[in-house]
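A.B. asks: Provided below: target_10.cif, containing mmCIF, C-alpha atoms and all ligand atoms.
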```
data_start
#
loop_
_atom_site.label_atom_id
_atom_site.label_comp_id
_atom_site.auth_asym_id
_atom_site.auth_seq_id
_atom_site.Cartn_x
_atom_site.Cartn_y
_atom_site.Cartn_z
CA GLU A 12 12.76 2.92 -25.05
CA MET A 13 10.75 0.05 -23.56
CA ARG A 14 11.71 -2.71 -25.98
CA ASN A 15 15.41 -1.96 -25.76
CA VAL A 16 15.25 -2.00 -22.00
CA ALA A 17 13.42 -5.32 -22.07
CA ALA A 18 15.91 -6.85 -24.49
CA GLU A 19 18.90 -5.63 -22.48
CA ALA A 20 17.39 -6.80 -19.23
CA GLY A 21 16.74 -10.21 -20.77
CA LYS A 22 20.36 -10.45 -21.91
CA GLN A 23 21.68 -9.45 -18.52
CA GLN A 24 19.43 -11.91 -16.77
CA SER A 25 20.27 -14.86 -18.95
CA SER A 26 23.97 -14.12 -18.48
CA ASN A 27 23.66 -14.24 -14.71
CA GLY A 28 21.26 -17.15 -14.74
CA SER A 29 18.33 -15.45 -13.07
CA ASP A 30 14.73 -15.39 -14.19
CA SER A 31 14.04 -13.58 -17.44
CA ARG A 32 10.35 -14.29 -17.93
CA HIS A 33 9.28 -10.80 -16.90
CA GLY A 34 12.05 -9.22 -18.88
CA ARG A 35 12.06 -5.76 -17.34
CA THR A 36 14.01 -6.25 -14.14
CA LEU A 37 16.03 -3.19 -13.23
CA ARG A 38 19.67 -4.04 -13.42
CA PRO A 39 21.93 -3.01 -10.57
CA ALA A 40 24.25 -1.60 -13.24
CA ASN A 41 21.53 0.90 -14.20
CA LEU A 42 21.67 2.53 -10.81
CA VAL A 43 24.25 5.18 -10.11
CA PRO A 44 25.13 6.34 -6.58
CA GLY A 45 22.67 8.86 -5.27
CA GLU A 46 19.74 7.34 -7.06
CA GLU A 47 17.11 5.78 -4.87
CA THR A 48 14.97 2.77 -5.56
CA LEU A 49 11.86 1.61 -3.73
CA ALA A 50 11.13 -2.12 -3.73
CA PHE A 51 7.48 -2.87 -3.05
CA PRO A 52 5.11 -5.86 -3.07
CA SER A 53 1.76 -5.90 -4.82
CA ILE A 54 -0.52 -4.47 -2.12
CA SER A 55 -3.75 -6.33 -1.19
CA THR A 56 -3.52 -9.02 -3.89
CA ALA A 57 -2.80 -12.11 -1.77
CA ASP A 58 -4.19 -12.34 1.77
CA PHE A 59 -6.50 -9.36 1.13
CA GLN A 60 -7.90 -11.03 -2.04
CA PHE A 61 -8.13 -7.92 -4.23
CA ASP A 62 -8.89 -8.60 -7.90
CA HIS A 63 -5.58 -8.77 -9.80
CA GLU A 64 -6.67 -7.06 -13.03
CA LYS A 65 -8.19 -4.14 -11.13
CA ALA A 66 -5.14 -3.89 -8.87
CA ALA A 67 -2.78 -3.88 -11.86
CA THR A 68 -4.76 -1.10 -13.56
CA VAL A 69 -4.63 1.08 -10.42
CA LEU A 70 -0.94 0.34 -9.87
CA VAL A 71 0.13 1.16 -13.43
CA GLN A 72 -1.79 4.45 -13.26
CA CYS A 73 -0.07 5.36 -9.98
CA ILE A 74 3.36 4.44 -11.37
CA SER A 75 2.67 6.60 -14.42
CA GLU A 76 1.86 9.57 -12.17
CA PHE A 77 4.96 8.88 -10.07
CA GLN A 78 7.17 8.83 -13.18
CA ALA A 79 5.75 12.11 -14.43
CA LYS A 80 6.54 13.69 -11.07
CA TYR A 81 9.81 12.08 -9.96
CA ALA A 82 11.66 10.30 -12.79
CA HIS A 83 13.76 13.43 -13.44
CA VAL A 84 15.18 13.30 -9.91
CA GLY A 85 16.30 9.69 -10.37
CA LEU A 86 13.73 7.91 -8.23
CA LYS A 87 12.89 4.36 -9.30
CA LEU A 88 10.33 1.71 -8.42
CA VAL A 89 10.65 -2.08 -8.45
CA LEU A 90 7.65 -4.37 -7.99
CA VAL A 91 8.79 -7.58 -6.30
CA ASP A 92 7.14 -10.98 -6.01
CA LEU A 93 8.36 -14.35 -4.87
CA THR A 94 8.08 -16.49 -7.99
CA SER A 95 8.38 -16.23 -11.73
CA LYS A 96 4.83 -17.60 -11.91
CA SER A 97 3.50 -14.45 -10.21
CA HIS A 98 0.26 -13.44 -11.92
CA MET A 99 0.62 -9.85 -10.69
CA LEU A 100 4.14 -9.48 -12.11
CA SER A 101 3.01 -10.67 -15.53
CA ILE A 102 -0.10 -8.55 -15.79
CA VAL A 103 1.60 -5.44 -14.41
CA SER A 104 4.49 -5.90 -16.87
CA LYS A 105 2.03 -6.28 -19.73
CA LYS A 106 -0.03 -3.22 -18.75
CA ALA A 107 3.12 -1.17 -18.07
CA SER A 108 4.28 -1.94 -21.57
CA GLU A 109 0.87 -1.15 -23.12
CA GLU A 110 0.69 2.15 -21.25
CA GLY A 111 4.22 3.09 -22.30
CA LEU A 112 5.71 3.34 -18.81
CA ASP A 113 9.38 4.25 -18.68
CA GLY A 114 11.33 0.99 -18.27
CA ASN A 115 14.33 2.85 -16.85
CA THR A 116 12.49 3.95 -13.74
CA PHE A 117 10.09 1.05 -13.25
CA GLY A 118 10.84 -2.66 -13.32
CA THR A 119 9.89 -5.96 -11.76
CA PHE A 120 12.00 -8.42 -9.81
CA VAL A 121 11.44 -12.04 -8.83
CA GLY A 122 12.75 -12.72 -5.34
CA ASP A 123 12.29 -12.24 -1.61
CA ILE A 124 11.97 -8.53 -0.77
CA THR A 125 13.85 -9.16 2.50
CA LYS A 126 16.89 -10.60 0.67
CA LEU A 127 17.46 -8.24 -2.23
CA ARG A 128 21.10 -7.47 -1.47
CA SER A 129 22.16 -10.99 -0.44
CA SER A 130 20.48 -12.51 -3.50
CA GLY A 131 22.13 -10.10 -5.94
CA GLY A 132 18.90 -8.21 -6.63
CA PRO A 133 18.52 -4.51 -7.34
CA PRO A 134 19.99 -2.29 -4.59
CA CYS A 135 16.93 -0.99 -2.76
CA ASN A 136 17.52 0.58 0.63
CA ILE A 137 13.86 1.47 1.01
CA ILE A 138 11.24 -1.29 0.96
CA ALA A 139 7.48 -1.31 1.39
CA ASN A 140 5.45 -3.65 3.55
CA ALA A 141 1.84 -4.74 2.95
CA ALA A 142 0.99 -4.22 6.61
CA ASN A 143 -2.05 -4.88 8.80
CA TRP A 144 -3.96 -2.12 10.61
CA ARG A 145 -2.41 -3.00 13.98
CA LEU A 146 1.13 -2.76 12.60
CA LYS A 147 1.86 -6.13 14.14
CA PRO A 148 4.32 -8.85 13.06
CA GLY A 149 3.03 -12.17 11.79
CA GLY A 150 -0.14 -12.80 9.82
CA GLY A 151 1.71 -14.41 6.94
CA GLY A 152 2.69 -12.91 3.59
CA VAL A 153 5.24 -10.18 3.16
CA ASN A 154 4.42 -8.63 6.56
CA ALA A 155 5.55 -11.76 8.40
CA ALA A 156 8.65 -12.04 6.21
CA ILE A 157 9.74 -8.43 6.79
CA TYR A 158 9.24 -8.54 10.57
CA LYS A 159 11.04 -11.89 10.74
CA ALA A 160 14.01 -10.63 8.73
CA ALA A 161 14.18 -7.37 10.71
CA GLY A 162 13.93 -8.87 14.20
CA PRO A 163 12.25 -7.19 17.20
CA GLU A 164 13.92 -3.85 16.42
CA LEU A 165 11.42 -3.13 13.64
CA GLU A 166 8.38 -3.61 15.83
CA GLN A 167 9.91 -1.34 18.49
CA ALA A 168 10.77 1.36 15.95
CA THR A 169 7.32 1.08 14.33
CA LYS A 170 5.56 1.53 17.68
CA LYS A 171 7.34 4.86 18.16
CA VAL A 172 5.86 6.15 14.90
CA ALA A 173 2.26 4.91 15.13
CA SER A 174 0.09 2.29 16.81
CA THR A 175 -2.41 1.75 13.98
CA LEU A 176 -2.66 2.40 10.25
CA GLN A 177 -5.65 3.52 8.15
CA ALA A 178 -6.44 1.77 4.87
CA GLY A 179 -5.06 3.85 2.01
CA SER A 180 -2.23 5.36 4.05
CA SER A 181 1.42 4.69 4.88
CA ILE A 182 4.06 5.44 7.51
CA VAL A 183 7.84 5.54 7.24
CA VAL A 184 9.96 3.71 9.82
CA GLU A 185 13.73 4.08 9.93
CA VAL A 186 15.22 0.63 10.48
CA PRO A 187 17.48 0.59 13.57
CA GLN A 188 21.20 -0.12 13.00
CA ALA A 189 20.92 -3.22 15.19
CA SER A 190 18.35 -4.83 12.89
CA ALA A 191 19.61 -7.58 10.58
CA LEU A 192 17.50 -6.10 7.79
CA ARG A 193 19.70 -3.00 8.00
CA ASN A 194 23.11 -4.41 8.80
CA GLN A 195 22.87 -7.41 6.46
CA GLU A 196 20.58 -6.23 3.69
CA GLY A 197 21.20 -2.48 3.76
CA VAL A 198 17.55 -1.57 4.23
CA THR A 199 17.39 1.86 5.89
CA HIS A 200 13.62 2.41 5.81
CA VAL A 201 10.49 0.27 5.79
CA ILE A 202 7.33 2.00 4.60
CA HIS A 203 4.27 0.27 6.01
CA VAL A 204 1.22 0.61 3.78
CA LEU A 205 -2.29 -0.68 4.37
CA GLY A 206 -4.32 -1.57 1.32
CA PRO A 207 -8.02 -2.31 0.89
CA ASN A 208 -9.22 -5.66 2.21
CA MET A 209 -11.59 -7.95 0.27
CA ASN A 210 -11.11 -10.96 2.58
CA PRO A 211 -14.18 -11.50 4.82
CA GLN A 212 -11.91 -13.13 7.40
CA ARG A 213 -9.87 -9.94 7.90
CA PRO A 214 -10.93 -6.64 9.53
CA ASN A 215 -12.71 -3.93 7.52
CA CYS A 216 -13.67 -6.11 4.57
CA LEU A 217 -15.05 -4.07 1.65
CA SER A 218 -17.23 -7.03 0.56
CA GLY A 219 -16.56 -6.68 -3.15
CA ASP A 220 -17.06 -2.89 -3.30
CA TYR A 221 -14.47 -2.18 -5.99
CA VAL A 222 -15.46 1.47 -6.41
CA GLU A 223 -14.30 2.07 -2.84
CA GLY A 224 -11.60 -0.62 -3.13
CA CYS A 225 -9.91 0.96 -6.16
CA LYS A 226 -10.05 4.37 -4.50
CA VAL A 227 -8.40 3.02 -1.35
CA LEU A 228 -5.76 1.12 -3.36
CA ARG A 229 -4.98 4.26 -5.35
CA ASN A 230 -4.64 6.23 -2.09
CA ALA A 231 -2.38 3.49 -0.69
CA TYR A 232 0.03 3.56 -3.65
CA THR A 233 -0.01 7.35 -3.88
CA SER A 234 0.76 7.59 -0.17
CA LEU A 235 3.50 4.95 -0.48
CA PHE A 236 5.19 6.69 -3.41
CA GLU A 237 4.96 10.12 -1.76
CA SER A 238 6.44 8.68 1.45
CA PHE A 239 9.25 7.17 -0.61
CA ALA A 240 9.94 10.48 -2.37
CA SER A 241 10.02 12.33 0.95
CA VAL A 242 12.61 9.92 2.37
CA ALA A 243 14.70 9.65 -0.78
CA GLN A 244 15.09 13.34 -1.55
N1 LIG B 301 8.96 -11.00 -0.87
C1 LIG B 301 8.29 -10.43 -1.91
N2 LIG B 301 6.97 -10.53 -2.09
C2 LIG B 301 6.27 -11.25 -1.20
C3 LIG B 301 6.89 -11.87 -0.08
C4 LIG B 301 8.30 -11.72 0.06
N3 LIG B 301 8.97 -12.25 1.09
N4 LIG B 301 5.91 -12.52 0.63
C5 LIG B 301 4.74 -12.30 -0.01
N5 LIG B 301 4.95 -11.56 -1.12
P1 LIG B 301 0.31 -10.28 1.22
P2 LIG B 301 -1.93 -8.34 1.31
C6 LIG B 301 3.95 -11.03 -2.08
O1 LIG B 301 -0.64 -11.42 1.46
O2 LIG B 301 -2.68 -9.09 0.27
C7 LIG B 301 -0.68 -10.11 6.10
O3 LIG B 301 -1.15 -11.12 6.89
C8 LIG B 301 2.71 -11.84 -2.35
O4 LIG B 301 2.96 -12.85 -3.31
O5 LIG B 301 1.56 -10.25 2.01
O6 LIG B 301 -1.83 -6.85 1.20
C9 LIG B 301 -0.77 -8.74 6.78
O7 LIG B 301 -0.60 -8.87 8.17
C10 LIG B 301 1.78 -10.78 -2.88
O8 LIG B 301 2.05 -10.51 -4.26
O9 LIG B 301 -0.41 -8.84 1.50
C11 LIG B 301 -2.14 -8.25 6.41
O10 LIG B 301 -3.10 -8.66 7.36
C12 LIG B 301 2.16 -9.53 -2.09
O11 LIG B 301 3.43 -9.84 -1.50
C13 LIG B 301 -2.44 -8.93 5.08
O12 LIG B 301 -1.53 -10.03 4.97
C14 LIG B 301 1.19 -9.12 -0.98
O13 LIG B 301 0.66 -10.26 -0.34
C15 LIG B 301 -2.20 -8.03 3.89
O14 LIG B 301 -2.60 -8.71 2.72
#
```
Kindly present the structure from the file in structure tokens form.
C.D. replies:
Amino acid sequence: EMRNVAAEAGKQQSSNGSDSRHGRTLRPANLVPGEETLAFPSISTADFQFDHEKAATVLVQCISEFQAKYAHVGLKLVLVDLTSKSHMLSIVSKKASEEGLDGNTFGTFVGDITKLRSSGGPPCNIIANAANWRLKPGGGGVNAAIYKAAGPELEQATKKVASTLQAGSSIVVEVPQASALRNQEGVTHVIHVLGPNMNPQRPNCLSGDYVEGCKVLRNAYTSLFESFASVAQ
């Protein structure tokens, strides 16, 4: 039950000194071997300037559909953002609670998605990247952080899978053993996902068309979660 999960998570967090503002962080102790957890950032809501309320509504709907389909096989999702002041983490937590999402298979975590293991976060061997259409390193945000943490091996491995990415779709890249992201953080797969862009300074800007934007964001999350399920099972 949601409230119990929140209360327990809060207790756990205060006892280990980490942030408890969002209250629903998945605890490592909740995860038994064989279960798989995807850590993912909020797609399109920083550099791509997508409206946060609309993004949260789409995301919570997609998580709800994911839970209906995959919770029974032990698959879990964790939305990650860098700071406890994250607007997306608070509004997604609030909507998740209002919509009655299962707190055992969805949670939030405050931290760097490239340092989950070393920072004592939830054990997630599959992480998502908010990529760009060229699948290139750099560009700031979580894309730059993931490529930096992974080293050149990730770019090489990504190139073998695809050279570009369409908005609303995702690709799975197995992280090479030589990559620090794998051998230090235990990340076996990065799933690149391209969300809708509302930033006029980036390619393929939707110029405030939120009918199309919400459709593309929904496709992006659905594709991401299906990619995750196909790797995890
Ligand atoms: N760990 C966890 N979350 C992070 C991290 C991190 N290390 N870094 C950022 N976030 P963004 P977008 C959060 O801008 O809006 C790039 O230039 C951040 O707070 O990375 O989809 C690409 O090359 C936010 O909640 O992605 C693309 O061109 C979320 O990650 C473009 O940005 C996504 O923010 C994609 O823009």
A.B. asks: Interatomic distance between atom CA of Gly85 of chain A and atom CA of Val69 of chain A?
C.D. replies: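 Value for the atom CA of Gly85 of chain A-atom CA of Val69 of chain A distance: 22.6 Å.
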A.B. asks: So how far away is atom CA of Leu235 of chain A from atom CA of Leu86 of chain A, in Å?
C.D. replies: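 Atom CA of Leu235 of chain A lies at a distance of 13.2 Å from atom CA of Leu86 of chain A.
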A.B. asks: Pick out the residues no farther than 8 Å from ligand LIG 301 (chain B), counting only C-alpha atoms and all ligand atoms, and list them as a compact mmCIF listing (two decimals) with C-alpha atoms, in the frame of the given file.
C.D. replies:
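New file out_28.txt:
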```
# COMPACT_ATOMS: atom_id res chain seq x y z
CA PHE A 51 7.48 -2.87 -3.05
CA PRO A 52 5.11 -5.86 -3.07
CA SER A 53 1.76 -5.90 -4.82
CA ILE A 54 -0.52 -4.47 -2.12
CA SER A 55 -3.75 -6.33 -1.19
CA THR A 56 -3.52 -9.02 -3.89
CA ALA A 57 -2.80 -12.11 -1.77
CA ASP A 58 -4.19 -12.34 1.77
CA PHE A 59 -6.50 -9.36 1.13
CA GLN A 60 -7.90 -11.03 -2.04
CA PHE A 61 -8.13 -7.92 -4.23
CA VAL A 91 8.79 -7.58 -6.30
CA ASP A 92 7.14 -10.98 -6.01
CA LEU A 93 8.36 -14.35 -4.87
CA THR A 94 8.08 -16.49 -7.99
CA SER A 97 3.50 -14.45 -10.21
CA MET A 99 0.62 -9.85 -10.69
CA VAL A 121 11.44 -12.04 -8.83
CA GLY A 122 12.75 -12.72 -5.34
CA ASP A 123 12.29 -12.24 -1.61
CA ILE A 124 11.97 -8.53 -0.77
CA THR A 125 13.85 -9.16 2.50
CA ASN A 140 5.45 -3.65 3.55
CA ALA A 141 1.84 -4.74 2.95
CA ALA A 142 0.99 -4.22 6.61
CA ASN A 143 -2.05 -4.88 8.80
CA TRP A 144 -3.96 -2.12 10.61
CA LEU A 146 1.13 -2.76 12.60
CA LYS A 147 1.86 -6.13 14.14
CA PRO A 148 4.32 -8.85 13.06
CA GLY A 149 3.03 -12.17 11.79
CA GLY A 150 -0.14 -12.80 9.82
CA GLY A 151 1.71 -14.41 6.94
CA GLY A 152 2.69 -12.91 3.59
CA VAL A 153 5.24 -10.18 3.16
CA ASN A 154 4.42 -8.63 6.56
CA ALA A 155 5.55 -11.76 8.40
CA ALA A 156 8.65 -12.04 6.21
CA ILE A 157 9.74 -8.43 6.79
CA LEU A 205 -2.29 -0.68 4.37
CA GLY A 206 -4.32 -1.57 1.32
CA PRO A 207 -8.02 -2.31 0.89
CA ASN A 208 -9.22 -5.66 2.21
CA ARG A 213 -9.87 -9.94 7.90
```
A.B. asks: Could you list as a list in words every residue that has an atom within 6 Å of (14.0, 0.1, 12.9), using the file's coordinates and counting all atoms listed in the file?
C.D. replies: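 Counting all atoms listed in the file, I find these residues within 6 Å of (14.0, 0.1, 12.9): Glu164, Leu165, Ala168, Glu185, Val186 and Pro187 of chain A.
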A.B. asks: Show me, as a list in words, the residues that have an atom within 9 Å of Thr199 of chain A when counting all atoms listed in the file, minus same-chain residues fewer than 6 positions from it.
C.D. replies: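 Using all atoms listed in the file, the neighbours found are Asn136, Ile137, Ile138, Val184, Glu185, Val186, Pro187, Gln188, Leu192 and Arg193 of chain A.
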A.B. asks: Atom CA of Cys225 of chain A to atom CA of Thr175 of chain A: how many Å, to one decimal?
C.D. replies: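 Going from atom CA of Cys225 of chain A over to atom CA of Thr175 of chain A, I get 21.5 Å.
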A.B. asks: Could you check the closest approach to Leu127 of chain A for each of A:Val222, A:Ala160, A:Leu176, A:Ala67 and tell me which residue wins, using all atoms listed in the file?
C.D. replies: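 Answer, going by the shortest atom-to-atom distance: A:Ala160.
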A.B. asks: List the neighbours of Ser238 of chain A out to 12 Å using all atoms listed in the file; skip same-chain residues closer than 3 positions along the sequence, and give me the result as a CSV table (one decimal) with C-alpha atoms, in the frame of the given file.
C.D. replies:
```
chain,number,residue,atom,x,y,z
A,49,LEU,CA,11.9,1.6,-3.7
A,77,PHE,CA,5.0,8.9,-10.1
A,137,ILE,CA,13.9,1.5,1.0
A,138,ILE,CA,11.2,-1.3,1.0
A,139,ALA,CA,7.5,-1.3,1.4
A,180,SER,CA,-2.2,5.4,4.0
A,181,SER,CA,1.4,4.7,4.9
A,182,ILE,CA,4.1,5.4,7.5
A,183,VAL,CA,7.8,5.5,7.2
A,184,VAL,CA,10.0,3.7,9.8
A,200,HIS,CA,13.6,2.4,5.8
A,201,VAL,CA,10.5,0.3,5.8
A,202,ILE,CA,7.3,2.0,4.6
A,203,HIS,CA,4.3,0.3,6.0
A,204,VAL,CA,1.2,0.6,3.8
A,230,ASN,CA,-4.6,6.2,-2.1
A,231,ALA,CA,-2.4,3.5,-0.7
A,232,TYR,CA,0.0,3.6,-3.6
A,233,THR,CA,0.0,7.4,-3.9
A,234,SER,CA,0.8,7.6,-0.2
A,235,LEU,CA,3.5,5.0,-0.5
A,241,SER,CA,10.0,12.3,1.0
A,242,VAL,CA,12.6,9.9,2.4
A,243,ALA,CA,14.7,9.6,-0.8
A,244,GLN,CA,15.1,13.3,-1.6
```
A.B. asks: Counting all atoms listed in the file, which residue out of A:Ala66, A:Ala161, A:Leu217, A:Ala82 sits closest to Val198 of chain A?
C.D. replies: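 Result for the nearest residue to Val198 of chain A: A:Ala161.
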A.B. asks: Determine the nearest neighbour of Ala79 of chain A from the options A:Phe239, A:Asp113, A:Arg128, A:Gly179, counting all atoms listed in the file.
C.D. replies: A:Asp113
A.B. asks: Could you give me, as a list in words, the residues within 8 Å of Ser129 of chain A, counting all atoms listed in the file and dropping anything in the same chain fewer than 2 positions from it?
C.D. replies: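 Neighbouring residues, sequence-local ones excluded: Lys126, Leu127, Gly131, Gly132, Gln195 and Glu196 of chain A.
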A.B. asks: Ranking A:Asp220, A:Asn115, A:Gln72, A:Lys80 by minimum distance to Val103 of chain A and counting all atoms listed in the file, which one comes first?
C.D. replies: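 Among the listed residues, the smallest separation from Val103 of chain A belongs to A:Gln72.
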A.B. asks: Padding 4 Å on every side, please: axis-aligned box over the listed atoms of segment 122-140 of chain A, centre and edge lengths to one decimal in Å, as AutoDock Vina command-line options.
C.D. replies:
```
--center_x 13.8 --center_y -5.6 --center_z -1.9 --size_x 24.7 --size_y 22.2 --size_z 18.9
```
A.B. asks: Since fewer atoms than expected are present, regenerate all heavy atoms for segment 61-70 of chain A and write them as a short mmCIF file (atom, residue, chain, number, x, y, z; two decimals), keeping the file's coordinate frame.
C.D. replies:
```
data_model
loop_
_atom_site.label_atom_id
_atom_site.label_comp_id
_atom_site.auth_asym_id
_atom_site.auth_seq_id
_atom_site.Cartn_x
_atom_site.Cartn_y
_atom_site.Cartn_z
N PHE A 61 -7.69 -8.95 -3.27
CA PHE A 61 -8.13 -7.92 -4.23
C PHE A 61 -7.97 -8.45 -5.64
O PHE A 61 -6.97 -9.11 -5.97
CB PHE A 61 -7.29 -6.66 -4.03
CG PHE A 61 -7.91 -5.39 -4.55
CD1 PHE A 61 -8.65 -4.57 -3.71
CD2 PHE A 61 -7.73 -5.00 -5.87
CE1 PHE A 61 -9.21 -3.39 -4.17
CE2 PHE A 61 -8.30 -3.82 -6.34
CZ PHE A 61 -9.04 -3.01 -5.50
N ASP A 62 -8.92 -8.16 -6.50
CA ASP A 62 -8.89 -8.60 -7.90
C ASP A 62 -7.59 -8.14 -8.59
O ASP A 62 -7.23 -6.96 -8.53
CB ASP A 62 -10.10 -8.00 -8.63
CG ASP A 62 -10.11 -8.37 -10.10
OD1 ASP A 62 -10.62 -9.46 -10.42
OD2 ASP A 62 -9.59 -7.59 -10.92
N HIS A 63 -6.90 -9.08 -9.25
CA HIS A 63 -5.58 -8.77 -9.80
C HIS A 63 -5.62 -7.79 -10.97
O HIS A 63 -4.79 -6.88 -11.06
CB HIS A 63 -4.88 -10.06 -10.22
CG HIS A 63 -4.39 -10.86 -9.05
ND1 HIS A 63 -3.53 -11.93 -9.17
CD2 HIS A 63 -4.66 -10.75 -7.71
CE1 HIS A 63 -3.28 -12.44 -7.96
NE2 HIS A 63 -3.96 -11.74 -7.06
N GLU A 64 -6.58 -7.97 -11.87
CA GLU A 64 -6.67 -7.06 -13.03
C GLU A 64 -6.94 -5.63 -12.57
O GLU A 64 -6.30 -4.68 -13.04
CB GLU A 64 -7.79 -7.50 -13.98
CG GLU A 64 -7.47 -8.72 -14.83
CD GLU A 64 -6.43 -8.44 -15.91
OE1 GLU A 64 -6.27 -7.28 -16.31
OE2 GLU A 64 -5.77 -9.42 -16.34
N LYS A 65 -7.87 -5.48 -11.63
CA LYS A 65 -8.19 -4.14 -11.13
C LYS A 65 -7.00 -3.54 -10.39
O LYS A 65 -6.69 -2.36 -10.54
CB LYS A 65 -9.42 -4.19 -10.21
CG LYS A 65 -10.72 -4.52 -10.93
CD LYS A 65 -11.90 -4.51 -9.96
CE LYS A 65 -13.24 -4.59 -10.69
NZ LYS A 65 -13.49 -5.94 -11.26
N ALA A 66 -6.31 -4.37 -9.61
CA ALA A 66 -5.14 -3.89 -8.87
C ALA A 66 -4.04 -3.45 -9.83
O ALA A 66 -3.39 -2.41 -9.61
CB ALA A 66 -4.62 -4.98 -7.93
N ALA A 67 -3.85 -4.21 -10.89
CA ALA A 67 -2.78 -3.88 -11.86
C ALA A 67 -3.10 -2.56 -12.57
O ALA A 67 -2.20 -1.74 -12.80
CB ALA A 67 -2.61 -5.01 -12.87
N THR A 68 -4.36 -2.34 -12.90
CA THR A 68 -4.76 -1.10 -13.56
C THR A 68 -4.48 0.10 -12.66
O THR A 68 -3.89 1.11 -13.09
CB THR A 68 -6.26 -1.14 -13.93
OG1 THR A 68 -6.46 -2.24 -14.82
CG2 THR A 68 -6.73 0.14 -14.58
N VAL A 69 -4.88 -0.01 -11.38
CA VAL A 69 -4.63 1.08 -10.42
C VAL A 69 -3.13 1.31 -10.26
O VAL A 69 -2.64 2.45 -10.31
CB VAL A 69 -5.27 0.76 -9.05
CG1 VAL A 69 -4.81 1.74 -7.98
CG2 VAL A 69 -6.80 0.75 -9.16
N LEU A 70 -2.38 0.22 -10.10
CA LEU A 70 -0.94 0.34 -9.87
C LEU A 70 -0.24 1.03 -11.04
O LEU A 70 0.56 1.95 -10.84
CB LEU A 70 -0.32 -1.04 -9.60
CG LEU A 70 1.20 -1.07 -9.49
CD1 LEU A 70 1.72 -0.09 -8.44
CD2 LEU A 70 1.67 -2.50 -9.16
#
```
